[in-house]
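The file my_file-v5.cif comes next; it holds mmCIF, C-alpha atoms.
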```cif
data_structure
loop_
_atom_site.label_atom_id
_atom_site.label_comp_id
_atom_site.auth_asym_id
_atom_site.auth_seq_id
_atom_site.Cartn_x
_atom_site.Cartn_y
_atom_site.Cartn_z
CA MET A 8 6.05 49.61 23.24
CA ALA A 9 2.82 50.68 21.50
CA SER A 10 2.94 51.70 17.86
CA SER A 11 2.05 55.28 18.71
CA ASP A 12 5.17 55.52 20.86
CA LYS A 13 7.62 54.07 18.35
CA VAL A 14 10.12 56.24 16.52
CA PRO A 15 9.59 55.59 12.79
CA VAL A 16 12.17 53.59 10.92
CA ALA A 17 14.69 55.95 9.32
CA CYS A 18 13.42 57.11 5.95
CA PRO A 19 13.38 60.41 4.00
CA ALA A 20 10.07 61.34 5.67
CA SER A 21 11.48 60.94 9.17
CA ILE A 22 14.93 62.46 8.71
CA GLY A 23 16.50 65.35 6.86
CA GLU A 24 16.87 69.07 7.16
CA GLY A 25 13.96 71.47 7.52
CA LYS A 26 10.37 70.93 8.56
CA GLU A 27 8.64 71.24 5.22
CA PRO A 28 6.79 68.14 3.99
CA MET A 29 8.54 66.07 1.36
CA GLY A 30 7.54 66.50 -2.27
CA ASP A 31 8.20 68.51 -5.38
CA PRO A 32 7.13 72.17 -5.60
CA THR A 33 3.54 72.64 -6.73
CA LYS A 34 3.34 73.00 -10.50
CA THR A 35 1.84 76.19 -11.92
CA THR A 36 -0.80 74.18 -13.77
CA THR A 37 -1.81 72.42 -10.56
CA ALA A 38 -2.05 75.73 -8.67
CA MET A 39 -4.19 77.25 -11.44
CA LEU A 40 -6.49 74.23 -11.47
CA GLU A 41 -6.93 74.44 -7.69
CA LYS A 42 -7.78 78.15 -7.84
CA GLY A 43 -10.32 77.45 -10.55
CA THR A 44 -12.05 74.66 -8.66
CA ALA A 45 -12.04 76.75 -5.47
CA MET A 46 -14.12 79.35 -7.29
CA LEU A 47 -16.65 76.71 -8.35
CA GLN A 48 -16.89 74.62 -5.20
CA SER A 49 -18.72 75.70 -2.06
CA MET A 50 -16.23 74.51 0.61
CA LYS A 51 -19.16 74.67 3.04
CA PRO A 52 -17.67 72.57 5.87
CA ILE A 53 -14.51 74.70 5.97
CA LYS A 54 -16.39 77.97 5.84
CA GLN A 55 -18.33 76.95 8.95
CA MET A 56 -15.21 77.26 11.08
CA SER A 57 -15.56 80.40 13.17
CA LEU A 58 -13.43 79.72 16.25
CA HIS A 59 -9.64 79.93 16.52
CA VAL A 60 -7.83 79.26 19.80
CA CYS A 61 -4.17 78.64 20.53
CA SER A 62 -3.12 76.37 23.38
CA PHE A 63 -0.82 73.48 24.25
CA ALA A 64 -1.23 69.72 24.35
CA CYS A 65 0.69 66.77 25.82
CA TYR A 66 0.96 63.22 24.53
CA SER A 67 -1.10 60.83 26.63
CA HIS A 68 1.64 58.19 26.67
CA ASP A 69 4.38 60.76 27.42
CA PRO A 70 3.20 64.12 28.91
CA SER A 71 6.77 65.43 28.83
CA ARG A 72 6.29 65.78 25.07
CA GLN A 73 4.38 69.04 24.67
CA ILE A 74 3.35 70.99 21.58
CA GLN A 75 1.71 74.28 20.72
CA VAL A 76 -1.57 73.82 18.85
CA HIS A 77 -3.92 76.03 16.87
CA ILE A 78 -7.50 74.79 16.94
CA TYR A 79 -10.02 75.91 14.32
CA GLY A 80 -13.54 74.94 15.28
CA HIS A 81 -17.04 74.69 13.87
CA ARG A 82 -19.83 74.83 16.41
CA VAL A 83 -22.34 72.20 15.32
CA ASN A 84 -24.69 73.11 18.18
CA GLN A 85 -24.51 74.47 21.73
CA ASP A 86 -23.11 71.20 23.04
CA PHE A 87 -20.75 70.02 20.30
CA LEU A 88 -17.81 71.42 18.29
CA GLN A 89 -15.65 69.70 15.68
CA CYS A 90 -12.18 71.09 15.10
CA ALA A 91 -9.13 70.86 12.85
CA VAL A 92 -5.81 71.17 14.69
CA TYR A 93 -2.74 72.81 13.15
CA ASP A 94 0.80 73.42 14.42
CA SER A 95 0.68 77.16 13.65
CA SER A 96 -1.59 79.87 12.31
CA SER A 97 0.50 80.60 9.21
CA SER A 98 -0.46 79.78 5.63
CA LYS A 99 2.09 76.96 5.74
CA ALA A 100 0.65 75.34 8.86
CA HIS A 101 0.56 71.56 9.09
CA LEU A 102 -2.74 69.83 9.79
CA ILE A 103 -1.73 67.61 12.71
CA GLY A 104 -4.99 66.26 14.07
CA ILE A 105 -8.64 66.61 14.98
CA GLU A 106 -10.39 67.45 18.22
CA TYR A 107 -14.02 66.99 19.24
CA ILE A 108 -15.37 69.13 22.06
CA VAL A 109 -18.53 68.38 24.01
CA SER A 110 -20.42 70.08 26.81
CA GLU A 111 -20.55 68.76 30.35
CA LYS A 112 -24.05 67.44 29.65
CA LEU A 113 -22.96 65.30 26.71
CA PHE A 114 -19.80 64.13 28.44
CA GLU A 115 -21.76 62.84 31.43
CA SER A 116 -23.81 60.67 29.04
CA PHE A 117 -20.69 58.72 27.96
CA SER A 118 -19.67 55.37 29.38
CA PRO A 119 -16.72 55.37 31.81
CA ASP A 120 -14.50 53.69 29.19
CA GLU A 121 -15.26 56.48 26.74
CA GLN A 122 -14.77 59.22 29.34
CA LYS A 123 -11.18 58.02 29.91
CA LEU A 124 -10.27 59.30 26.43
CA TRP A 125 -11.36 62.89 27.10
CA HIS A 126 -9.67 65.83 28.82
CA SER A 127 -10.97 68.92 30.59
CA HIS A 128 -10.28 72.52 29.50
CA ASP A 129 -10.81 74.60 32.63
CA TYR A 130 -7.19 74.65 33.89
CA GLU A 131 -5.65 75.74 30.58
CA ILE A 132 -8.24 78.51 30.26
CA GLN A 133 -7.91 79.73 33.87
CA MET A 134 -4.10 79.82 33.49
CA ALA A 135 -4.37 81.68 30.16
CA LEU A 136 -2.59 78.85 28.36
CA LEU A 137 -5.49 78.85 25.93
CA VAL A 138 -5.82 82.19 24.14
CA THR A 139 -7.87 83.65 21.30
CA PRO A 140 -5.38 85.31 18.93
CA ARG A 141 -6.33 88.85 17.87
CA VAL A 142 -9.64 88.69 19.75
CA PRO A 143 -9.87 90.97 22.85
CA GLU A 144 -10.48 89.20 26.16
CA LEU A 145 -13.75 91.05 26.68
CA VAL A 146 -15.11 89.73 23.40
CA ALA A 147 -13.74 86.23 23.92
CA LYS A 148 -14.83 85.78 27.54
CA PRO A 149 -18.34 84.33 26.89
CA GLU A 150 -16.84 81.62 24.67
CA LEU A 151 -14.03 80.99 27.15
CA LYS A 152 -16.62 80.43 29.87
CA ASN A 153 -18.36 77.86 27.68
CA LEU A 154 -15.13 76.07 26.81
CA ALA A 155 -14.03 75.96 30.46
CA LYS A 156 -16.96 73.66 31.19
CA SER A 157 -16.31 71.41 28.19
CA TYR A 158 -14.32 68.25 27.50
CA GLY A 159 -12.22 67.41 24.43
CA LYS A 160 -10.90 64.34 22.62
CA PHE A 161 -7.85 65.16 20.51
CA TRP A 162 -6.15 62.69 18.18
CA CYS A 163 -2.77 63.81 16.86
CA THR A 164 -2.11 62.31 13.43
CA TRP A 165 1.26 63.96 12.77
CA GLN A 166 3.93 63.91 15.49
CA ILE A 167 5.54 67.09 14.24
CA ASP A 168 7.68 67.46 17.37
CA ARG A 169 9.71 64.40 16.35
CA GLY A 170 10.73 66.18 13.19
CA ASP A 171 8.61 63.94 10.96
CA ARG A 172 8.28 65.54 7.53
CA LEU A 173 5.10 63.59 6.78
CA PRO A 174 2.42 62.10 9.07
CA LEU A 175 3.93 58.76 10.08
CA GLY A 176 2.71 55.96 12.31
CA VAL A 177 -0.63 55.71 14.08
CA PRO A 178 -2.56 58.55 15.77
CA SER A 179 -1.72 59.54 19.35
CA LEU A 180 -4.25 60.53 21.99
CA MET A 181 -3.44 63.93 23.49
CA VAL A 182 -4.22 65.41 26.91
CA SER A 183 -4.56 68.97 28.15
CA PRO A 184 -2.23 70.87 30.54
CA GLN A 185 -2.95 70.18 34.21
CA ASP A 186 -1.72 71.41 37.60
CA VAL A 187 0.59 68.43 38.19
CA ASP A 188 4.31 68.05 37.51
CA LEU A 189 4.00 66.24 34.18
CA GLY A 190 1.11 68.44 33.08
CA ARG A 191 2.73 71.85 33.51
CA ILE A 192 3.73 73.39 30.21
CA LYS A 193 7.42 74.17 29.82
CA PRO A 194 8.07 77.92 30.31
CA GLU A 195 10.11 78.11 27.10
CA LEU A 196 7.10 76.93 25.07
CA VAL A 197 4.86 79.58 26.63
CA LYS A 198 7.50 82.27 26.08
CA LYS A 199 7.86 81.29 22.41
CA ARG A 200 4.07 81.36 21.91
CA ASP A 201 3.75 84.76 23.61
CA GLU A 202 6.49 86.26 21.44
CA GLU A 203 4.92 84.89 18.26
CA HIS A 204 1.53 86.41 19.02
CA GLY A 205 2.55 89.52 20.94
CA ILE A 206 0.73 88.55 24.13
CA SER A 207 1.60 88.00 27.79
CA THR A 208 0.18 84.89 29.41
CA GLU A 209 0.88 86.28 32.87
CA SER A 210 -0.94 89.54 32.08
CA LEU A 211 -3.98 87.62 30.84
CA LYS A 212 -4.42 85.53 33.99
CA PRO A 213 -6.25 88.23 36.03
CA SER A 214 -8.87 88.52 33.28
CA ARG A 215 -9.63 84.80 33.68
CA GLU A 216 -10.65 85.13 37.32
CA GLY A 217 -14.21 83.98 37.81
CA ILE A 218 -14.13 81.50 34.93
CA CYS A 219 -15.19 78.17 36.40
CA GLY A 220 -14.93 74.61 35.21
CA PRO A 221 -17.70 72.00 35.10
CA GLU A 222 -20.22 72.18 37.94
CA LYS A 223 -19.11 68.73 39.07
CA LYS A 224 -15.79 67.85 37.47
CA ASN A 225 -15.79 64.23 36.39
CA LEU A 226 -12.90 62.30 37.95
CA ILE A 227 -12.59 59.89 35.03
CA ALA A 228 -11.64 62.66 32.61
CA ASP A 229 -7.92 63.52 32.73
CA TYR A 230 -7.55 59.87 33.71
CA TRP A 231 -3.75 60.05 33.76
CA VAL A 232 -3.68 62.67 36.51
CA ARG A 233 -5.19 60.29 39.08
CA PHE A 234 -3.90 56.95 37.84
CA ARG A 235 -0.68 57.83 35.98
CA LYS A 236 -1.92 55.69 33.10
CA GLY A 237 -1.96 57.00 29.55
CA PHE A 238 -3.36 55.51 26.37
CA ALA A 239 -1.51 54.55 23.20
CA LEU A 240 -2.71 52.87 20.02
CA ASP A 241 -1.16 49.76 18.60
CA VAL A 242 -1.38 48.23 15.13
CA VAL A 243 -2.42 44.61 15.18
CA GLU A 244 -2.56 42.42 12.09
CA THR A 245 -5.92 40.72 11.80
CA ASP A 246 -7.81 38.54 9.35
CA MET A 247 -10.12 40.42 7.03
CA LYS A 248 -13.81 39.63 7.11
CA THR A 249 -14.69 37.53 4.09
CA THR A 250 -18.43 37.72 4.60
CA ALA A 251 -20.55 40.52 5.88
CA PRO A 252 -24.25 41.33 6.01
CA PHE A 253 -25.56 43.58 3.24
CA PRO A 254 -26.72 46.24 3.27
#
```

Structure translated into structure tokens:
Amino acid sequence: MASSDKVPVACPASIGEGKEPMGDPTKTTTAMLEKGTAMLQSMKPIKQMSLHVCSFACYSHDPSRQIQVHIYGHRVNQDFLQCAVYDSSSSKAHLIGIEYIVSEKLFESFSPDEQKLWHSHDYEIQMALLVTPRVPELVAKPELKNLAKSYGKFWCTWQIDRGDRLPLGVPSLMVSPQDVDLGRIKPELVKKRDEEHGISTESLKPSREGICGPEKKNLIADYWVRFRKGFALDVVETDMKTTAPFP
């Protein structure tokens, strides 16, 4: 069993009531200090984030484990986005991972071994599983068309669905919903998402007609769909390097 598939050893961070992270309440002095520094610091990387989408993701080593995700992205250029992934859109959301998104052009430049780690986005967009909260479909459609032709690599660093109250263990590679048994998102998850955001996934589907995926969908992406093989990280103890070239 790979490390990313192990249930953490019982400890206060992996058991207990509630979902809030462990720790004492923030002190007033700490909160005041943070507000003061926020006024002085630029926070430029965070302020670059201009895209918010809500979708679902499955664990590569166990697609039956599915979570709702909120992705906040910064478009670096026309072919590349870097994103922070949260478990909700509330002020108390947990940062649970990162996703990188590349265009079809960049993806095709990767080696086959690298391509295995990436997933496509066209199915989740066409099925309205991926939505843009509070942004009308007409406004969002140009971006949805771009994303439908893209590929993503999403590392989940906090397996919140296990009930972990802190990020435990090693990161897990995630995959996108697909039109196969293991890749279909559970109806109860979609219903919960729709109720939270006041939308109807079924009603949105007609507006996604005409949105196409990559011109030539790469068969190595979504590797698990064809080969039923996922990917999981393991932690291996190794000797540290005692000498290294400098600089």

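Here CA of Tyr230 (chain A) is placed at a distance of 8.5 Å from CA of Gln122 (chain A).
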
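One finds CA of Thr208 (chain A) at 25.3 Å from CA of His81 (chain A).
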
Any chance you could resolve the PyMOL selection byres ((chain A and resi 30) around 12) against this file and give the residues as a ChimeraX atom specification? /A:19-20,27-29,31-34,172-173

Apply the PyMOL selection byres ((chain A and resi 196) around 12) to the displayed file and report the matching residues as a PyMOL selection string. chain A and resi 62-64+72-76+136+191-195+197-203+208

Written selection (C-alpha atoms) as a short mmCIF file (atom, residue, chain, number, x, y, z; two decimals), keeping the file's coordinate frame:
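Ended up saving to again-v6.cif:
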```
data_model
loop_
_atom_site.label_atom_id
_atom_site.label_comp_id
_atom_site.auth_asym_id
_atom_site.auth_seq_id
_atom_site.Cartn_x
_atom_site.Cartn_y
_atom_site.Cartn_z
CA SER A 62 -3.12 76.37 23.38
CA PHE A 63 -0.82 73.48 24.25
CA ALA A 64 -1.23 69.72 24.35
CA ARG A 72 6.29 65.78 25.07
CA GLN A 73 4.38 69.04 24.67
CA ILE A 74 3.35 70.99 21.58
CA GLN A 75 1.71 74.28 20.72
CA VAL A 76 -1.57 73.82 18.85
CA LEU A 136 -2.59 78.85 28.36
CA ARG A 191 2.73 71.85 33.51
CA ILE A 192 3.73 73.39 30.21
CA LYS A 193 7.42 74.17 29.82
CA PRO A 194 8.07 77.92 30.31
CA GLU A 195 10.11 78.11 27.10
CA VAL A 197 4.86 79.58 26.63
CA LYS A 198 7.50 82.27 26.08
CA LYS A 199 7.86 81.29 22.41
CA ARG A 200 4.07 81.36 21.91
CA ASP A 201 3.75 84.76 23.61
CA GLU A 202 6.49 86.26 21.44
CA GLU A 203 4.92 84.89 18.26
CA THR A 208 0.18 84.89 29.41
#
```

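The residue that comes closest to Leu189 (chain A), out of A:Thr36, A:Thr44, A:Ser67, A:Asn84 and on the basis of all atoms listed in the file, is A:Ser67.
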
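Atom to atom, CA of Pro221 (chain A) and CA of Ser71 (chain A) stand 26.1 Å apart.
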
List as a short mmCIF file (atom, residue, chain, number, x, y, z; two decimals) with C-alpha atoms, in the frame of the given file the protein and nucleic acid residues near Ser179 (chain A), meaning an atom at most 7 Å away when all atoms listed in the file are counted, but skip any in the same chain fewer than 4 places from it.
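Written output follows (selection-v2.cif):
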```cif
data_model
loop_
_atom_site.label_atom_id
_atom_site.label_comp_id
_atom_site.auth_asym_id
_atom_site.auth_seq_id
_atom_site.Cartn_x
_atom_site.Cartn_y
_atom_site.Cartn_z
CA SER A 11 2.05 55.28 18.71
CA TYR A 66 0.96 63.22 24.53
CA TRP A 162 -6.15 62.69 18.18
CA CYS A 163 -2.77 63.81 16.86
CA THR A 164 -2.11 62.31 13.43
CA ALA A 239 -1.51 54.55 23.20
CA LEU A 240 -2.71 52.87 20.02
#
```

When you get a chance, write out all heavy atoms for region 33-44 of chain A, as a compact mmCIF listing (two decimals), in the frame of the given file.
```
# COMPACT_ATOMS: atom_id res chain seq x y z
N THR A 33 4.81 72.70 -6.00
CA THR A 33 3.54 72.64 -6.73
C THR A 33 3.70 73.24 -8.12
O THR A 33 4.22 74.34 -8.28
CB THR A 33 2.44 73.40 -5.97
OG1 THR A 33 2.33 72.85 -4.65
CG2 THR A 33 1.10 73.27 -6.68
N LYS A 34 3.25 72.52 -9.13
CA LYS A 34 3.34 73.00 -10.50
C LYS A 34 2.36 74.15 -10.72
O LYS A 34 1.30 74.22 -10.08
CB LYS A 34 3.03 71.88 -11.48
CG LYS A 34 4.04 70.74 -11.48
CD LYS A 34 3.64 69.68 -12.50
CE LYS A 34 4.65 68.54 -12.52
NZ LYS A 34 4.25 67.48 -13.49
N THR A 35 2.72 75.05 -11.61
CA THR A 35 1.84 76.19 -11.92
C THR A 35 0.48 75.72 -12.42
O THR A 35 -0.56 76.27 -12.04
CB THR A 35 2.49 77.10 -12.98
OG1 THR A 35 3.76 77.54 -12.51
CG2 THR A 35 1.61 78.30 -13.28
N THR A 36 0.47 74.69 -13.25
CA THR A 36 -0.80 74.18 -13.77
C THR A 36 -1.68 73.63 -12.66
O THR A 36 -2.90 73.80 -12.67
CB THR A 36 -0.53 73.08 -14.81
OG1 THR A 36 0.35 72.08 -14.24
CG2 THR A 36 0.11 73.65 -16.07
N THR A 37 -1.05 72.96 -11.68
CA THR A 37 -1.81 72.42 -10.56
C THR A 37 -2.40 73.55 -9.72
O THR A 37 -3.56 73.50 -9.31
CB THR A 37 -0.91 71.54 -9.67
OG1 THR A 37 -0.35 70.48 -10.46
CG2 THR A 37 -1.69 70.94 -8.52
N ALA A 38 -1.58 74.59 -9.46
CA ALA A 38 -2.05 75.73 -8.67
C ALA A 38 -3.21 76.43 -9.36
O ALA A 38 -4.18 76.83 -8.72
CB ALA A 38 -0.90 76.70 -8.45
N MET A 39 -3.11 76.60 -10.69
CA MET A 39 -4.19 77.25 -11.44
C MET A 39 -5.46 76.43 -11.39
O MET A 39 -6.57 76.97 -11.26
CB MET A 39 -3.74 77.48 -12.88
CG MET A 39 -2.63 78.51 -13.03
SD MET A 39 -2.08 78.71 -14.74
CE MET A 39 -3.59 79.32 -15.51
N LEU A 40 -5.32 75.11 -11.52
CA LEU A 40 -6.49 74.23 -11.47
C LEU A 40 -7.17 74.33 -10.11
O LEU A 40 -8.40 74.39 -10.02
CB LEU A 40 -6.06 72.79 -11.75
CG LEU A 40 -7.17 71.73 -11.70
CD1 LEU A 40 -8.22 72.02 -12.75
CD2 LEU A 40 -6.58 70.34 -11.90
N GLU A 41 -6.37 74.36 -9.03
CA GLU A 41 -6.93 74.44 -7.69
C GLU A 41 -7.67 75.75 -7.47
O GLU A 41 -8.71 75.80 -6.82
CB GLU A 41 -5.82 74.26 -6.65
CG GLU A 41 -5.28 72.84 -6.60
CD GLU A 41 -4.13 72.68 -5.63
OE1 GLU A 41 -3.56 73.72 -5.21
OE2 GLU A 41 -3.78 71.54 -5.28
N LYS A 42 -7.11 76.85 -7.98
CA LYS A 42 -7.78 78.15 -7.84
C LYS A 42 -9.10 78.15 -8.60
O LYS A 42 -10.10 78.72 -8.15
CB LYS A 42 -6.86 79.26 -8.34
CG LYS A 42 -5.70 79.59 -7.41
CD LYS A 42 -4.93 80.80 -7.88
CE LYS A 42 -3.81 81.15 -6.90
NZ LYS A 42 -4.35 81.57 -5.59
N GLY A 43 -9.10 77.51 -9.76
CA GLY A 43 -10.32 77.45 -10.55
C GLY A 43 -11.41 76.64 -9.86
O GLY A 43 -12.57 77.08 -9.80
N THR A 44 -11.05 75.48 -9.34
CA THR A 44 -12.05 74.66 -8.66
C THR A 44 -12.53 75.31 -7.37
O THR A 44 -13.69 75.17 -7.00
CB THR A 44 -11.47 73.26 -8.35
OG1 THR A 44 -10.26 73.40 -7.59
CG2 THR A 44 -11.15 72.50 -9.63
```
